[in-house]
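Shown next: start12.pdb, containing PDB, C-alpha atoms.
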ATOM      1  CA  MET A 274      69.883 109.713 114.755
ATOM      2  CA  ASN A 275      73.184 108.090 113.818
ATOM      3  CA  LYS A 276      73.883 107.981 110.080
ATOM      4  CA  ASN A 277      76.027 105.518 108.186
ATOM      5  CA  LEU A 278      77.904 106.796 105.164
ATOM      6  CA  LEU A 279      77.856 104.585 102.094
ATOM      7  CA  PHE A 280      80.349 104.850  99.252
ATOM      8  CA  ALA A 281      80.200 103.682  95.651
ATOM      9  CA  ILE A 282      81.953 104.389  92.375
ATOM     10  CA  ASP A 283      80.132 105.336  89.187
ATOM     11  CA  VAL A 284      82.566 103.865  86.666
ATOM     12  CA  ASN A 285      80.889 105.596  83.707
ATOM     13  CA  THR A 286      81.453 109.104  85.063
ATOM     14  CA  GLU A 287      84.392 108.334  87.396
ATOM     15  CA  GLU A 288      82.496 109.812  90.326
ATOM     16  CA  ILE A 289      82.376 108.888  93.978
ATOM     17  CA  VAL A 290      78.774 108.516  95.137
ATOM     18  CA  VAL A 291      78.355 109.354  98.812
ATOM     19  CA  SER A 292      75.071 108.423 100.480
ATOM     20  CA  GLU A 293      73.798 107.984 103.996
ATOM     21  CA  SER A 294      71.428 105.588 105.676
ATOM     22  CA  PRO A 295      69.869 106.009 109.105
ATOM     23  CA  LYS A 296      70.985 103.184 111.385
ATOM     24  CA  GLY A 297      68.481 100.330 111.249
ATOM     25  CA  SER A 298      66.820 101.664 108.103
ATOM     26  CA  ASN A 299      66.807 100.436 104.523
ATOM     27  CA  GLN A 300      66.447 103.976 103.143
ATOM     28  CA  VAL A 301      69.402 105.527 101.334
ATOM     29  CA  HIS A 302      69.755 109.270 100.766
ATOM     30  CA  LEU A 303      72.238 110.757  98.304
ATOM     31  CA  ILE A 304      74.613 113.262  99.897
ATOM     32  CA  GLU A 305      76.760 114.119  96.897
ATOM     33  CA  ARG A 306      78.543 112.958  93.794
ATOM     34  CA  MET A 307      82.193 113.924  93.607
ATOM     35  CA  VAL A 308      84.344 113.744  90.490
ATOM     36  CA  ARG A 309      87.530 111.757  90.801
ATOM     37  CA  LYS A 310      89.725 114.876  90.468
ATOM     38  CA  GLU A 311      88.142 116.419  93.591
ATOM     39  CA  ASN A 312      89.588 113.721  95.854
ATOM     40  CA  GLU A 313      91.800 111.137  94.168
ATOM     41  CA  ILE A 314      92.682 109.521  97.503
ATOM     42  CA  LEU A 315      89.033 108.914  98.412
ATOM     43  CA  TYR A 316      88.320 107.628  94.901
ATOM     44  CA  ASN A 317      91.117 105.054  95.209
ATOM     45  CA  ALA A 318      89.993 104.093  98.713
ATOM     46  CA  VAL A 319      86.430 103.452  97.510
ATOM     47  CA  VAL A 320      87.776 101.405  94.577
ATOM     48  CA  THR A 321      89.679  99.304  97.126
ATOM     49  CA  LEU A 322      86.580  99.006  99.319
ATOM     50  CA  THR A 323      84.598  97.795  96.315
ATOM     51  CA  SER A 324      87.281  95.274  95.351
ATOM     52  CA  ILE A 325      87.218  93.836  98.878
ATOM     53  CA  THR A 326      83.515  93.033  98.469
ATOM     54  CA  LYS A 327      84.259  91.108  95.276
ATOM     55  CA  ALA A 328      87.024  88.961  96.777
ATOM     56  CA  PRO A 329      86.285  85.224  96.838
ATOM     57  CA  ASN A 330      87.505  85.078 100.452
ATOM     58  CA  PHE A 331      85.542  88.121 101.711
ATOM     59  CA  ASP A 332      86.701  89.224 105.153
ATOM     60  CA  VAL A 333      84.266  91.383 107.146
ATOM     61  CA  ALA A 334      86.987  92.779 109.421
ATOM     62  CA  ILE A 335      89.035  93.999 106.456
ATOM     63  CA  PHE A 336      85.907  95.474 104.839
ATOM     64  CA  LYS A 337      84.994  97.359 108.033
ATOM     65  CA  ALA A 338      88.543  98.671 108.401
ATOM     66  CA  MET A 339      88.592  99.957 104.810
ATOM     67  CA  ASP A 340      85.131 101.476 105.257
ATOM     68  CA  LYS A 341      86.470 103.389 108.275
ATOM     69  CA  VAL A 342      89.357 104.647 106.125
ATOM     70  CA  CYS A 343      86.889 105.894 103.493
ATOM     71  CA  GLN A 344      84.796 107.627 106.152
ATOM     72  CA  LEU A 345      87.881 109.244 107.689
ATOM     73  CA  ILE A 346      89.061 110.574 104.309
ATOM     74  CA  TYR A 347      85.588 111.879 103.467
ATOM     75  CA  ASN A 348      85.109 113.520 106.866
ATOM     76  CA  LYS A 349      88.529 115.205 106.650
ATOM     77  CA  GLN A 350      87.587 116.649 103.277
ATOM     78  CA  THR A 351      84.255 117.968 104.473
ATOM     79  CA  GLU A 352      85.971 119.601 107.484
ATOM     80  CA  THR A 353      88.361 121.546 105.245
ATOM     81  CA  ASN A 354      85.735 122.698 102.727
TER      82      ASN A 354
END
How would this structure read if it were set down as structure tokens?
Amino acid sequence: MNKNLLFAIDVNTEEIVVSESPKGSNQVHLIERMVRKENEILYNAVVTLTSITKAPNFDVAIFKAMDKVCQLIYNKQTETN
């Protein structure tokens, strides 16, 4: 089954929250929480992704492109660890 990675920032702990959701499902499963120092680039990418969702002129294409960037950064990290 194809999984979709979901990213969020916990501003209180400065952690990246990585979750997954099976395609077509409304269930969300936590994969990991990562402190900002573990991957500063991913943290900043997820902050940007979040800011895109709050823009008054939300653009789906830009959101999807930034989401792909976040997934690429995360996948590269998991390959090297």
List every protein, DNA or RNA residue that has at least one atom no more than 10 Å from (79.8, 108.8, 94.2) in the file's coordinates, counting only C-alpha atoms, and write the result as a list in words.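 I get Leu279, Phe280, Ala281, Ile282, Asp283, Val284, Thr286, Glu287, Glu288, Ile289, Val290, Val291, Ser292, Leu303, Ile304, Glu305, Arg306, Met307, Val308, Arg309, Tyr316 and Val319 of chain A for the residues within 10 Å of that point.
Interatomic distance, CA of Pro329 (chain A) to CA of Ile346 (chain A): 26.6 Å.
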Find the residues around Val342 (chain A) up to 12 Å (all atoms listed in the file counted), leave out those fewer than 6 positions away in its own chain, and share them as a compact mmCIF listing (two decimals) with C-alpha atoms, in the frame of the given file.
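result.txt, freshly written:
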# COMPACT_ATOMS: atom_id res chain seq x y z
CA LEU A 278 77.90 106.80 105.16
CA PHE A 280 80.35 104.85 99.25
CA ILE A 314 92.68 109.52 97.50
CA LEU A 315 89.03 108.91 98.41
CA TYR A 316 88.32 107.63 94.90
CA ASN A 317 91.12 105.05 95.21
CA ALA A 318 89.99 104.09 98.71
CA VAL A 319 86.43 103.45 97.51
CA THR A 321 89.68 99.30 97.13
CA LEU A 322 86.58 99.01 99.32
CA ILE A 335 89.04 94.00 106.46
CA PHE A 336 85.91 95.47 104.84
CA ASN A 348 85.11 113.52 106.87
CA LYS A 349 88.53 115.20 106.65
| query | Between A:Asn354, A:Thr323, A:Ser294, A:Asn285, which is the closest to Lys337 (chain A) once you count all atoms listed in the file? | reply |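 Looking only at the distances to Lys337 (chain A), the closest residue turns out to be A:Thr323.
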- Taking all atoms listed in the file into account, which of A:Asn312, A:Asn330, A:Asn277, A:Ser324 comes nearest Ser298 (chain A)?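 Using all atoms listed in the file, the shortest distance to Ser298 (chain A) belongs to A:Asn277.
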Where is the centre and how long are the edges: axis-aligned box on region 335-349 of chain A, 3 Å on each side, Å to one decimal, as lines of an AutoDock Vina configuration file:
center_x = 87.1
center_y = 104.6
center_z = 105.9
size_x = 10.6
size_y = 27.2
size_z = 10.9
Pick from A:Lys310, A:Thr353, A:Asn299, A:Ile325 nearest to Ala338 (chain A), counting all atoms listed in the file |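 Of A:Lys310, A:Thr353, A:Asn299, A:Ile325, the one nearest Ala338 (chain A), counting all atoms listed in the file, is A:Ile325.
Computed from the coordinates, the CA of Glu311 (chain A) to CA of Lys327 (chain A) distance equals 25.7 Å.
Going from CA of Glu293 (chain A) to CA of Thr326 (chain A) covers 18.7 Å.
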